[in-house]
file target30.cif (mmCIF, C-alpha atoms)
data_coords
#
loop_
_atom_site.label_atom_id
_atom_site.label_comp_id
_atom_site.auth_asym_id
_atom_site.auth_seq_id
_atom_site.Cartn_x
_atom_site.Cartn_y
_atom_site.Cartn_z
CA MET C 107 0.00 0.00 0.00
CA SER C 108 1.42 3.39 -0.87
CA VAL C 109 0.82 6.32 1.39
CA GLU C 110 0.94 9.86 0.08
CA LEU C 111 2.93 12.17 2.32
CA GLN C 112 1.72 15.59 3.20
CA HIS C 113 3.01 18.28 5.51
CA ALA C 114 1.08 18.91 8.66
CA PRO C 115 -0.96 22.07 8.25
CA VAL C 116 0.22 25.08 10.19
CA GLY C 117 -1.81 25.16 13.36
CA GLY C 118 -2.73 21.51 12.72
CA PRO C 119 -3.31 18.93 15.40
CA PRO C 120 -0.69 19.94 17.95
CA MET C 121 -1.04 16.92 20.21
CA VAL C 122 -1.29 14.19 17.58
CA PRO C 123 1.99 12.45 16.85
CA SER C 124 2.93 11.47 13.35
CA ARG C 125 4.47 8.05 12.93
CA HIS C 126 8.10 8.04 11.82
CA ARG C 127 10.30 5.10 10.99
CA VAL C 128 13.91 4.82 12.14
CA VAL C 129 16.07 4.60 9.02
CA ALA C 130 19.54 4.95 10.57
CA VAL C 131 21.03 4.64 14.02
CA THR C 132 24.46 5.88 15.06
CA ARG C 133 25.79 4.92 18.46
CA GLU C 134 27.57 8.12 19.53
CA LEU C 135 28.49 7.16 23.09
CA ALA C 136 27.72 4.35 25.49
CA ASP C 137 24.51 6.13 26.52
CA THR C 138 23.84 8.36 23.50
CA VAL C 139 22.35 7.58 20.12
CA THR C 140 21.63 9.60 17.00
CA PHE C 141 18.77 8.37 14.90
CA GLU C 142 17.38 9.47 11.58
CA LEU C 143 13.64 9.27 11.05
CA GLU C 144 11.47 9.34 7.97
CA PRO C 145 7.75 10.04 8.00
CA ILE C 146 5.31 7.20 7.49
CA ASP C 147 2.00 8.97 7.20
CA ARG C 148 2.61 12.71 7.64
CA ALA C 149 5.79 14.78 7.36
CA LEU C 150 6.33 17.53 9.90
CA ASP C 151 7.17 21.06 8.91
CA PRO C 152 10.93 21.53 8.41
CA PRO C 153 12.51 22.54 11.73
CA GLU C 154 14.63 25.60 12.30
CA PRO C 155 17.94 25.11 14.16
CA GLY C 156 17.21 25.02 17.87
CA GLN C 157 13.61 23.84 17.60
CA PHE C 158 12.54 20.57 19.17
CA ASN C 159 10.10 17.76 18.58
CA MET C 160 8.17 15.72 21.09
CA VAL C 161 9.35 12.17 20.49
CA TYR C 162 6.99 9.43 21.56
CA ALA C 163 8.24 5.94 22.34
CA PHE C 164 4.99 4.04 21.94
CA GLY C 165 3.76 2.58 25.18
CA GLN C 166 6.51 4.27 27.14
CA GLY C 167 6.24 8.03 27.03
CA GLU C 168 7.09 11.24 25.25
CA VAL C 169 10.13 13.50 25.60
CA PRO C 170 11.25 16.80 24.09
CA ILE C 171 14.32 16.34 21.90
CA SER C 172 16.05 19.05 19.89
CA VAL C 173 16.74 18.53 16.23
CA SER C 174 20.42 17.78 15.72
CA GLY C 175 20.62 17.23 11.97
CA ASP C 176 21.16 19.38 8.92
CA PRO C 177 18.13 21.68 8.51
CA ALA C 178 18.65 21.67 4.74
CA ARG C 179 17.82 17.97 4.63
CA GLY C 180 14.07 18.08 4.71
CA ASP C 181 13.37 14.44 3.92
CA THR C 182 14.36 13.08 7.31
CA VAL C 183 14.55 14.29 10.89
CA VAL C 184 17.66 13.69 13.02
CA HIS C 185 17.66 13.54 16.81
CA THR C 186 20.44 12.78 19.28
CA VAL C 187 19.21 11.24 22.51
CA ARG C 188 20.96 10.44 25.75
CA SER C 189 19.52 7.70 27.91
CA VAL C 190 18.65 9.34 31.21
CA GLY C 191 15.23 7.87 32.01
CA ALA C 192 12.71 5.25 30.99
CA THR C 193 11.55 6.91 27.76
CA THR C 194 14.97 7.95 26.50
CA GLN C 195 16.24 4.49 27.41
CA ALA C 196 13.53 3.01 25.18
CA LEU C 197 14.43 5.44 22.38
CA CYS C 198 18.11 4.58 22.62
CA ALA C 199 17.25 0.90 22.20
CA LEU C 200 15.42 1.46 18.89
CA GLY C 201 16.77 -0.16 15.76
CA PRO C 202 16.25 0.52 12.05
CA GLY C 203 12.68 -0.11 10.93
CA GLU C 204 11.13 0.58 14.29
CA VAL C 205 8.54 3.30 14.65
CA VAL C 206 8.19 6.32 16.94
CA GLY C 207 5.72 9.17 17.10
CA LEU C 208 6.80 12.75 16.41
CA ARG C 209 5.01 16.02 16.87
CA GLY C 210 6.46 19.43 16.28
CA PRO C 211 8.60 21.28 15.52
CA TYR C 212 8.06 23.46 18.53
CA GLY C 213 9.52 26.53 20.13
CA ARG C 214 11.76 29.36 19.18
CA GLY C 215 15.11 28.30 17.78
CA TRP C 216 18.46 29.99 17.22
CA ASP C 217 18.31 33.27 15.34
CA VAL C 218 21.09 32.37 12.94
CA GLU C 219 20.01 35.10 10.53
CA ARG C 220 21.06 37.83 12.94
CA ALA C 221 24.61 36.48 12.79
CA ARG C 222 24.96 37.12 9.07
CA GLY C 223 27.85 39.49 8.45
CA ARG C 224 29.10 39.07 12.01
CA ASP C 225 31.44 36.78 13.91
CA VAL C 226 29.93 33.70 15.52
CA VAL C 227 30.84 31.83 18.68
CA VAL C 228 29.14 28.46 19.22
CA ILE C 229 29.63 27.07 22.72
CA GLY C 230 28.37 23.61 23.58
CA GLY C 231 28.72 21.43 26.64
CA GLY C 232 28.03 17.70 26.80
CA ILE C 233 24.76 16.67 25.13
CA GLY C 234 24.07 20.40 24.76
CA PHE C 235 26.23 20.39 21.67
CA ALA C 236 23.52 18.46 19.79
CA PRO C 237 21.05 21.35 19.38
CA LEU C 238 23.91 23.58 18.21
CA ARG C 239 25.00 21.31 15.37
CA PRO C 240 22.31 22.59 12.95
CA ILE C 241 23.74 26.11 13.35
CA ILE C 242 27.10 24.91 12.10
CA TYR C 243 25.53 23.12 9.14
CA ARG C 244 23.60 26.23 8.23
CA ILE C 245 26.68 28.47 8.47
CA LEU C 246 28.75 26.07 6.38
CA GLU C 247 26.10 26.09 3.66
CA ASP C 248 26.67 29.83 3.25
CA ARG C 249 30.05 30.25 4.87
CA GLN C 250 30.99 33.54 3.20
CA ALA C 251 27.97 35.25 4.77
CA TYR C 252 29.57 35.06 8.22
CA GLY C 253 32.75 36.38 9.75
CA ARG C 254 35.10 34.43 12.01
CA VAL C 255 33.45 31.29 13.43
CA ASN C 256 34.62 29.82 16.74
CA VAL C 257 33.24 26.47 17.86
CA LEU C 258 34.05 25.77 21.52
CA VAL C 259 33.12 22.43 23.01
CA GLY C 260 33.31 21.14 26.56
CA ALA C 261 32.82 17.56 27.69
CA ARG C 262 33.27 15.48 30.78
CA SER C 263 36.04 13.36 29.26
CA PRO C 264 37.33 12.40 25.80
CA GLU C 265 35.12 9.30 25.93
CA THR C 266 31.99 11.46 26.26
CA LEU C 267 32.79 13.82 23.43
CA LEU C 268 29.86 14.03 21.02
CA TYR C 269 30.38 13.90 17.21
CA ARG C 270 34.11 13.41 17.63
CA ALA C 271 34.82 12.45 14.01
CA GLU C 272 32.81 15.40 12.73
CA LEU C 273 34.65 17.74 15.09
CA GLU C 274 37.93 16.49 13.67
CA GLU C 275 36.65 17.11 10.17
CA TRP C 276 35.59 20.64 11.07
CA ARG C 277 38.86 21.26 12.84
CA SER C 278 40.73 20.50 9.63
CA ARG C 279 38.91 23.31 7.83
CA SER C 280 40.63 26.67 7.53
CA ASP C 281 37.37 28.62 7.83
CA LEU C 282 36.40 27.28 11.27
CA SER C 283 38.18 27.45 14.59
CA VAL C 284 37.28 24.39 16.65
CA GLU C 285 38.51 24.03 20.22
CA VAL C 286 37.66 21.18 22.56
CA THR C 287 38.30 20.84 26.26
CA VAL C 288 37.45 18.11 28.75
CA ASP C 289 37.09 18.17 32.52
CA ARG C 290 39.27 15.13 33.00
CA ALA C 291 41.48 13.00 30.83
CA GLY C 292 43.99 10.21 30.90
CA PRO C 293 47.56 10.44 29.67
CA ASP C 294 46.57 9.60 26.08
CA TRP C 295 44.51 12.76 25.57
CA ARG C 296 46.50 15.32 23.59
CA GLY C 297 43.96 18.13 23.78
CA ASP C 298 42.94 20.69 26.37
CA VAL C 299 41.86 19.95 29.91
CA GLY C 300 39.80 22.52 31.76
CA VAL C 301 36.48 24.28 31.65
CA VAL C 302 34.95 25.73 28.51
CA THR C 303 35.18 29.27 29.89
CA ALA C 304 38.96 29.02 29.49
CA LEU C 305 38.42 28.49 25.76
CA ILE C 306 36.29 31.64 25.63
CA THR C 307 39.04 33.64 27.31
CA ARG C 308 41.54 32.45 24.70
CA ALA C 309 39.33 32.76 21.62
CA THR C 310 39.99 35.52 19.14
CA ILE C 311 36.78 37.49 18.97
CA ASP C 312 35.59 40.97 18.16
CA PRO C 313 33.11 41.48 21.03
CA ALA C 314 31.10 44.21 19.34
CA GLY C 315 30.64 42.18 16.17
CA THR C 316 29.95 38.79 17.74
CA VAL C 317 26.82 36.70 18.16
CA ALA C 318 27.15 33.75 20.55
CA PHE C 319 25.03 30.60 20.77
CA LEU C 320 25.27 28.57 23.99
CA CYS C 321 23.80 25.24 25.00
CA GLY C 322 24.70 22.94 27.85
CA PRO C 323 24.08 22.56 31.56
CA GLU C 324 22.68 25.75 33.02
CA ILE C 325 25.73 26.24 35.26
CA MET C 326 28.00 26.05 32.23
CA MET C 327 25.88 28.51 30.27
CA ARG C 328 25.82 30.94 33.17
CA PHE C 329 29.58 31.03 33.53
CA ALA C 330 30.11 31.04 29.78
CA ALA C 331 27.71 33.96 29.30
CA ASN C 332 29.38 35.88 32.11
CA THR C 333 32.78 35.28 30.52
CA LEU C 334 31.47 36.52 27.17
CA THR C 335 29.94 39.66 28.67
CA GLY C 336 33.19 40.15 30.59
CA ARG C 337 34.92 40.25 27.21
CA GLY C 338 32.44 42.83 26.00
CA VAL C 339 29.85 40.78 24.12
CA SER C 340 26.41 42.32 24.57
CA PRO C 341 23.92 40.19 26.59
CA GLY C 342 21.47 40.78 23.76
CA ASP C 343 23.86 39.07 21.35
CA ILE C 344 24.16 35.93 23.46
CA GLU C 345 21.53 33.25 22.88
CA VAL C 346 21.12 30.35 25.29
CA SER C 347 18.92 27.27 25.14
CA LEU C 348 17.12 26.27 28.30
CA GLU C 349 16.60 22.74 29.47
CA ARG C 350 13.22 22.76 31.14
CA ASN C 351 10.65 20.14 31.92
CA MET C 352 8.50 20.34 28.80
CA LYS C 353 5.48 18.07 28.67
CA CYS C 354 2.76 19.38 26.34
CA ALA C 355 5.02 21.64 24.22
CA VAL C 356 2.08 23.94 23.43
CA ALA C 357 2.08 26.16 26.55
CA GLN C 358 -0.89 24.49 28.16
CA CYS C 359 0.40 22.31 30.97
CA GLY C 360 2.72 24.81 32.65
CA HIS C 361 5.47 22.31 33.47
CA CYS C 362 8.10 24.41 31.72
CA GLN C 363 7.00 27.77 33.05
CA LEU C 364 9.88 30.07 33.94
CA GLY C 365 8.42 33.15 35.55
CA PRO C 366 6.35 34.91 32.92
CA ILE C 367 7.38 32.67 30.01
CA PHE C 368 6.60 29.18 28.83
CA VAL C 369 9.90 27.74 27.68
CA CYS C 370 8.22 25.42 25.17
CA ARG C 371 6.62 28.34 23.34
CA GLU C 372 8.89 31.36 23.97
CA GLY C 373 11.99 29.18 24.22
CA PRO C 374 13.90 26.99 24.42
CA VAL C 375 16.18 29.67 22.94
CA GLY C 376 16.29 33.19 24.34
CA THR C 377 18.78 35.98 24.75
CA TRP C 378 20.92 36.21 27.84
CA GLU C 379 19.64 39.75 28.24
CA ARG C 380 16.13 38.41 28.69
CA LEU C 381 16.80 35.15 30.51
CA GLN C 382 19.63 36.01 32.89
CA PRO C 383 17.36 37.89 35.33
CA LEU C 384 14.98 34.92 35.40
CA LEU C 385 17.74 32.36 35.86
CA ALA C 386 19.08 34.42 38.76
CA VAL C 387 15.85 33.78 40.68
CA ARG C 388 16.30 30.72 42.84
CA GLY C 389 13.44 28.29 42.63
CA LEU C 390 12.30 29.31 39.18
CA MET Y 86 64.76 40.65 18.33
CA LYS Y 87 62.66 41.68 21.29
CA GLY Y 88 64.16 41.77 24.74
CA ILE Y 89 62.62 40.25 27.89
CA ARG Y 90 61.18 43.58 28.97
CA GLU Y 91 59.37 44.09 25.66
CA LEU Y 92 58.06 40.55 25.71
CA LEU Y 93 56.78 40.96 29.26
CA ALA Y 94 55.08 44.24 28.28
CA GLU Y 95 53.14 42.32 25.62
CA HIS Y 96 52.07 39.58 28.02
CA PRO Y 97 48.53 39.97 29.39
CA VAL Y 98 49.59 39.35 32.99
CA PHE Y 99 52.22 42.09 32.98
CA ALA Y 100 51.00 44.40 30.21
CA ASP Y 101 49.72 47.26 32.36
CA LEU Y 102 52.48 47.32 34.99
CA PRO Y 103 54.44 50.55 35.46
CA GLU Y 104 57.64 50.84 33.42
CA GLY Y 105 59.79 50.53 36.52
CA ASP Y 106 58.13 47.28 37.54
CA LEU Y 107 58.70 45.78 34.11
CA ASP Y 108 62.38 46.70 34.29
CA LEU Y 109 62.73 45.04 37.68
CA ILE Y 110 60.89 41.87 36.65
CA ALA Y 111 62.70 41.60 33.33
CA GLY Y 112 65.98 41.52 35.22
CA CYS Y 113 64.98 38.12 36.61
CA GLY Y 114 63.93 36.60 33.27
CA VAL Y 115 65.37 34.62 30.39
CA ASN Y 116 63.87 33.17 27.22
CA VAL Y 117 63.38 29.41 27.19
CA HIS Y 118 62.06 26.84 24.76
CA PHE Y 119 60.56 23.41 25.40
CA ASP Y 120 60.10 20.59 22.93
CA GLU Y 121 56.82 18.74 22.74
CA GLY Y 122 56.71 16.18 25.54
CA GLU Y 123 59.48 17.82 27.56
CA GLN Y 124 58.97 17.91 31.34
CA ILE Y 125 59.24 21.50 32.58
CA PHE Y 126 59.16 20.69 36.26
CA GLU Y 127 58.25 17.73 38.43
CA GLU Y 128 55.63 17.51 41.15
CA GLY Y 129 57.39 17.97 44.50
CA GLY Y 130 60.48 19.53 42.96
CA PRO Y 131 61.94 22.89 44.01
CA ALA Y 132 59.82 25.78 42.76
CA ASP Y 133 62.62 28.18 41.98
CA THR Y 134 61.45 29.29 38.54
CA PHE Y 135 58.10 30.04 36.97
CA TYR Y 136 57.10 30.60 33.37
CA VAL Y 137 54.98 32.92 31.31
CA ILE Y 138 53.95 31.22 28.09
CA ARG Y 139 54.48 33.19 24.89
CA HIS Y 140 53.49 30.42 22.47
CA GLY Y 141 52.67 26.79 23.06
CA ARG Y 142 50.79 24.51 25.37
CA VAL Y 143 51.62 23.13 28.80
CA ALA Y 144 49.81 20.42 30.75
CA LEU Y 145 49.71 20.47 34.54
CA ASP Y 146 49.76 16.92 35.81
CA VAL Y 147 49.74 14.85 38.92
CA HIS Y 148 51.24 11.40 39.22
CA ALA Y 149 48.90 8.58 40.19
CA PRO Y 150 50.50 5.21 40.94
CA GLY Y 151 49.39 2.70 38.35
CA ARG Y 152 47.66 5.35 36.27
CA GLY Y 153 50.58 7.45 35.15
CA SER Y 154 50.40 11.23 34.82
CA LEU Y 155 46.88 12.61 35.01
CA VAL Y 156 46.38 16.01 33.44
CA VAL Y 157 44.32 18.40 35.56
CA ALA Y 158 44.58 21.50 33.35
CA THR Y 159 46.24 22.77 30.21
CA LEU Y 160 47.68 26.24 29.76
CA ARG Y 161 48.33 28.21 26.60
CA ASP Y 162 49.64 31.47 25.19
CA GLY Y 163 49.29 34.27 27.71
CA ASP Y 164 49.06 31.97 30.73
CA VAL Y 165 51.37 31.77 33.73
CA VAL Y 166 52.76 28.40 34.79
CA GLY Y 167 53.26 28.11 38.53
CA TRP Y 168 52.88 30.14 41.70
CA SER Y 169 54.50 27.77 44.19
CA TRP Y 170 57.63 29.95 43.97
CA LEU Y 171 55.70 32.59 45.95
CA PHE Y 172 55.00 30.55 49.06
CA PRO Y 173 57.14 28.40 51.35
CA PRO Y 174 58.24 25.65 51.12
CA TYR Y 175 58.69 26.57 47.43
CA ARG Y 176 57.87 23.11 46.07
CA TRP Y 177 55.73 22.36 43.02
CA SER Y 178 52.36 20.91 43.93
CA LEU Y 179 51.87 19.72 40.33
CA GLY Y 180 54.11 18.77 37.45
CA ALA Y 181 54.25 20.64 34.14
CA ARG Y 182 54.96 19.22 30.70
CA ALA Y 183 54.98 20.86 27.29
CA THR Y 184 52.41 19.18 25.05
CA ALA Y 185 53.45 21.27 22.06
CA GLU Y 186 56.52 23.28 21.09
CA THR Y 187 56.51 26.02 23.72
CA SER Y 188 58.29 29.35 24.01
CA ALA Y 189 58.23 31.02 27.41
CA ILE Y 190 59.96 33.50 29.65
CA ALA Y 191 61.44 31.81 32.69
CA LEU Y 192 61.52 34.03 35.76
CA ASP Y 193 63.77 33.36 38.72
CA GLY Y 194 61.47 33.13 41.74
CA ALA Y 195 64.11 33.86 44.38
CA CYS Y 196 65.32 36.89 42.42
CA LEU Y 197 61.78 38.23 42.13
CA ARG Y 198 60.92 37.54 45.77
CA GLY Y 199 63.95 39.57 46.78
CA LYS Y 200 62.88 42.49 44.61
CA CYS Y 201 59.35 42.31 46.01
CA ASP Y 202 60.74 42.42 49.57
CA ASP Y 203 62.77 45.50 48.65
CA ASP Y 204 59.90 47.21 46.81
CA THR Y 205 56.63 46.32 48.49
CA ALA Y 206 54.60 48.32 45.95
CA LEU Y 207 55.94 46.03 43.24
CA GLY Y 208 55.25 43.06 45.50
CA TYR Y 209 51.67 44.19 46.06
CA ARG Y 210 50.99 44.66 42.36
CA LEU Y 211 52.52 41.33 41.51
CA MET Y 212 50.65 39.61 44.32
CA GLN Y 213 47.36 41.08 43.03
CA ARG Y 214 48.01 39.53 39.66
CA PHE Y 215 48.90 36.11 41.02
CA ALA Y 216 45.97 36.16 43.43
CA ARG Y 217 43.70 36.83 40.45
CA ILE Y 218 45.22 33.92 38.55
CA ALA Y 219 44.85 31.66 41.59
CA GLN Y 220 41.23 32.77 42.02
CA GLU Y 221 40.39 31.99 38.40
CA ARG Y 222 42.06 28.59 38.55
CA LEU Y 223 40.27 27.79 41.81
CA LEU Y 224 36.91 28.64 40.24
CA GLN Y 225 37.70 26.56 37.17
CA THR Y 226 38.72 23.63 39.35
CA ARG Y 227 35.48 23.89 41.31
CA LEU Y 228 33.47 23.86 38.10
CA GLN Y 229 35.36 20.77 36.96
CA LEU Y 230 34.59 19.10 40.28
CA LEU Y 231 30.88 19.86 39.88
CA ASP Y 232 30.81 17.37 37.00
CA VAL Y 233 28.19 19.49 35.23
CA TYR Y 234 28.07 17.19 32.21
CA GLY Y 235 27.14 14.19 34.32
CA ASN Y 236 23.84 12.46 33.70
CA PRO Y 237 20.75 14.44 34.62
CA VAL Y 238 17.97 12.44 36.26
CA GLY Y 239 14.76 11.82 34.36
CA ASP Y 240 13.49 12.53 30.86
CA GLY Y 241 12.26 16.06 31.31
CA HIS Y 242 14.92 17.85 29.31
CA VAL Y 243 15.63 18.60 25.70
CA GLY Y 244 18.30 16.22 24.51
#

call {"tool": "encode", "arguments": {"input": "target30.cif", "output": "structure tokens"}}
result
Amino acid sequence: MSVELQHAPVGGPPMVPSRHRVVAVTRELADTVTFELEPIDRALDPPEPGQFNMVYAFGQGEVPISVSGDPARGDTVVHTVRSVGATTQALCALGPGEVVGLRGPYGRGWDVERARGRDVVVIGGGIGFAPLRPIIYRILEDRQAYGRVNVLVGARSPETLLYRAELEEWRSRSDLSVEVTVDRAGPDWRGDVGVVTALITRATIDPAGTVAFLCGPEIMMRFAANTLTGRGVSPGDIEVSLERNMKCAVAQCGHCQLGPIFVCREGPVGTWERLQPLLAVRGL
Amino acid sequence: MKGIRELLAEHPVFADLPEGDLDLIAGCGVNVHFDEGEQIFEEGGPADTFYVIRHGRVALDVHAPGRGSLVVATLRDGDVVGWSWLFPPYRWSLGARATAETSAIALDGACLRGKCDDDTALGYRLMQRFARIAQERLLQTRLQLLDVYGNPVGDGHVG
């Protein structure tokens, strides 16, 4: 039986998942998997970098996962998932041919357009590097439209470094500066050891002409943003992605509420200028 | 070819010191070069010299029996290697090894301590700079210890 694909209408059924089939699985780390999905009955709208989908492991549960693939590839959707709970554990166990539900894309993503003609700093920590990867793809598709591009990556150890082969490939390019640091390493590691803020201090940037994109643990983003502002980057030119407890993804349930905003709708990406005061409130 | 004083004046740690201070400090310094893999100093050894890196990369390490040298931090251009020369008993608490070809200015700790004793204003300014470096390294170490990239609990986040 052939099934004709169609895009979900804008404003279409926001809570109804569309079945997607796993067409490729890449084991990134012991607990982290990247899988590529193709629609079975209904294709979602193409995501913007930084947007997320609700990914439903049938019979198990649903989780918000950022898109980690190339936004120019509209035929499939790519997600990178770390196993941290029952649902993500089920997702990480999926093999090719198996089916999940997807709804989305949701939220406000990275404003990559505003970086055109300016320098870019991409700062990722741990699994937080996954939602940043589409920014790099988009910049590389139109590389001459951007100034100097610094990609700064922090990880717990060399063994937990995401997309290691791709980082090496990017590092070999003359039009990208890629720096990686880890919190701890054995004697075989030839790279940097230390926190990602040290990479920011060393990076060659023009603060007034720089747009920064940050994603990682909130503590890391806070210190990284402070280091950037300390170097003169405007808080309005720093975008961060929040990890909040999103359940419905359509600003109804309130699980992801951060003060006056619903992170699923107004986020997950926002400027440091807007979010820093909220993140400074304990308990929010 | 630039002299030690000019090189120090270009280094971020010393750049804004008064001219007289730079002259005094430069009198304790010499240019040095380390090959990749060369041990600069050993953990527990006498801390009689410290280094300001001009170009290169240095790993600070600690020896763990059965596990070899474990790197706790790496330093690069513009960084200072070592402050144990400032405080008794003047012994290195970590080792340092060049992990790339490294050019540095080596400064004689005893020479500089003597000049700081004679000129307490110089000593104060220098101490401010080293306290700042120590503060930054302490904060970085604390962040490393927090293990912020460790596994979160539950599925409620965006992966």

call {"tool": "closest_residue", "arguments": {"input": "target30.cif", "among": "C:Thr138, C:Gln363, C:Leu348, C:Thr182", "to": "Gln195 in chain C", "atoms": "all atoms listed in the file"}}
result
C:Thr138

call {"tool": "resolve_selection", "arguments": {"input": "target30.cif", "expression": "the PyMOL selection byres ((chain C and resi 281) around 8)", "output": "PyMOL selection string"}}
result
chain C and resi 254-255+279-280+282-283

call {"tool": "atom_distance", "arguments": {"input": "target30.cif", "atom1": "CA of His96 in chain Y", "atom2": "CA of Gly338 in chain C"}}
result
20.0 Å

call {"tool": "resolve_selection", "arguments": {"input": "target30.cif", "expression": "the PyMOL selection byres ((chain C) within 6 of (chain Y))", "output": "number ranges by chain"}}
result
C: 170-172, 187, 190-191, 232, 262, 289, 292-293, 298-300, 349-351

call {"tool": "atom_distance", "arguments": {"input": "target30.cif", "atom1": "CA of Arg270 in chain C", "atom2": "CA of Leu135 in chain C"}}
result
10.0 Å

call {"tool": "residues_around", "arguments": {"input": "target30.cif", "residues": "Ile241 in chain C", "least_positions_apart": "3", "cutoff": "6 Å", "atoms": "all atoms listed in the file", "output": "PyMOL selection string"}}
result
chain C and resi 155+238+244

call {"tool": "closest_residue", "arguments": {"input": "target30.cif", "among": "Y:Tyr209, Y:Phe119, Y:Tyr136, Y:Phe126", "to": "Thr187 in chain Y", "atoms": "only C-alpha atoms"}}
result
Y:Phe119

call {"tool": "closest_residue", "arguments": {"input": "target30.cif", "among": "C:Ile311, C:Pro177, C:Glu285, C:Val317", "to": "Glu219 in chain C", "atoms": "only C-alpha atoms"}}
result
C:Val317

call {"tool": "residues_around", "arguments": {"input": "target30.cif", "residues": "Gly207 in chain C", "least_positions_apart": "6", "cutoff": "12 Å", "atoms": "all atoms listed in the file", "output": "ChimeraX atom specification"}}
result
/C:121-128,143-150,159-170,183,197

call {"tool": "write_last_selection", "arguments": {"input": "target30.cif", "atoms": "C-alpha atoms", "output": "PDB file, keeping the file's coordinate frame"}}
result
ATOM      1  CA  MET C 121      -1.040  16.920  20.210  1.00  0.00           C
ATOM      2  CA  VAL C 122      -1.290  14.190  17.580  1.00  0.00           C
ATOM      3  CA  PRO C 123       1.990  12.450  16.850  1.00  0.00           C
ATOM      4  CA  SER C 124       2.930  11.470  13.350  1.00  0.00           C
ATOM      5  CA  ARG C 125       4.470   8.050  12.930  1.00  0.00           C
ATOM      6  CA  HIS C 126       8.100   8.040  11.820  1.00  0.00           C
ATOM      7  CA  ARG C 127      10.300   5.100  10.990  1.00  0.00           C
ATOM      8  CA  VAL C 128      13.910   4.820  12.140  1.00  0.00           C
ATOM      9  CA  LEU C 143      13.640   9.270  11.050  1.00  0.00           C
ATOM     10  CA  GLU C 144      11.470   9.340   7.970  1.00  0.00           C
ATOM     11  CA  PRO C 145       7.750  10.040   8.000  1.00  0.00           C
ATOM     12  CA  ILE C 146       5.310   7.200   7.490  1.00  0.00           C
ATOM     13  CA  ASP C 147       2.000   8.970   7.200  1.00  0.00           C
ATOM     14  CA  ARG C 148       2.610  12.710   7.640  1.00  0.00           C
ATOM     15  CA  ALA C 149       5.790  14.780   7.360  1.00  0.00           C
ATOM     16  CA  LEU C 150       6.330  17.530   9.900  1.00  0.00           C
ATOM     17  CA  ASN C 159      10.100  17.760  18.580  1.00  0.00           C
ATOM     18  CA  MET C 160       8.170  15.720  21.090  1.00  0.00           C
ATOM     19  CA  VAL C 161       9.350  12.170  20.490  1.00  0.00           C
ATOM     20  CA  TYR C 162       6.990   9.430  21.560  1.00  0.00           C
ATOM     21  CA  ALA C 163       8.240   5.940  22.340  1.00  0.00           C
ATOM     22  CA  PHE C 164       4.990   4.040  21.940  1.00  0.00           C
ATOM     23  CA  GLY C 165       3.760   2.580  25.180  1.00  0.00           C
ATOM     24  CA  GLN C 166       6.510   4.270  27.140  1.00  0.00           C
ATOM     25  CA  GLY C 167       6.240   8.030  27.030  1.00  0.00           C
ATOM     26  CA  GLU C 168       7.090  11.240  25.250  1.00  0.00           C
ATOM     27  CA  VAL C 169      10.130  13.500  25.600  1.00  0.00           C
ATOM     28  CA  PRO C 170      11.250  16.800  24.090  1.00  0.00           C
ATOM     29  CA  VAL C 183      14.550  14.290  10.890  1.00  0.00           C
ATOM     30  CA  LEU C 197      14.430   5.440  22.380  1.00  0.00           C
TER      31      LEU C 197
END
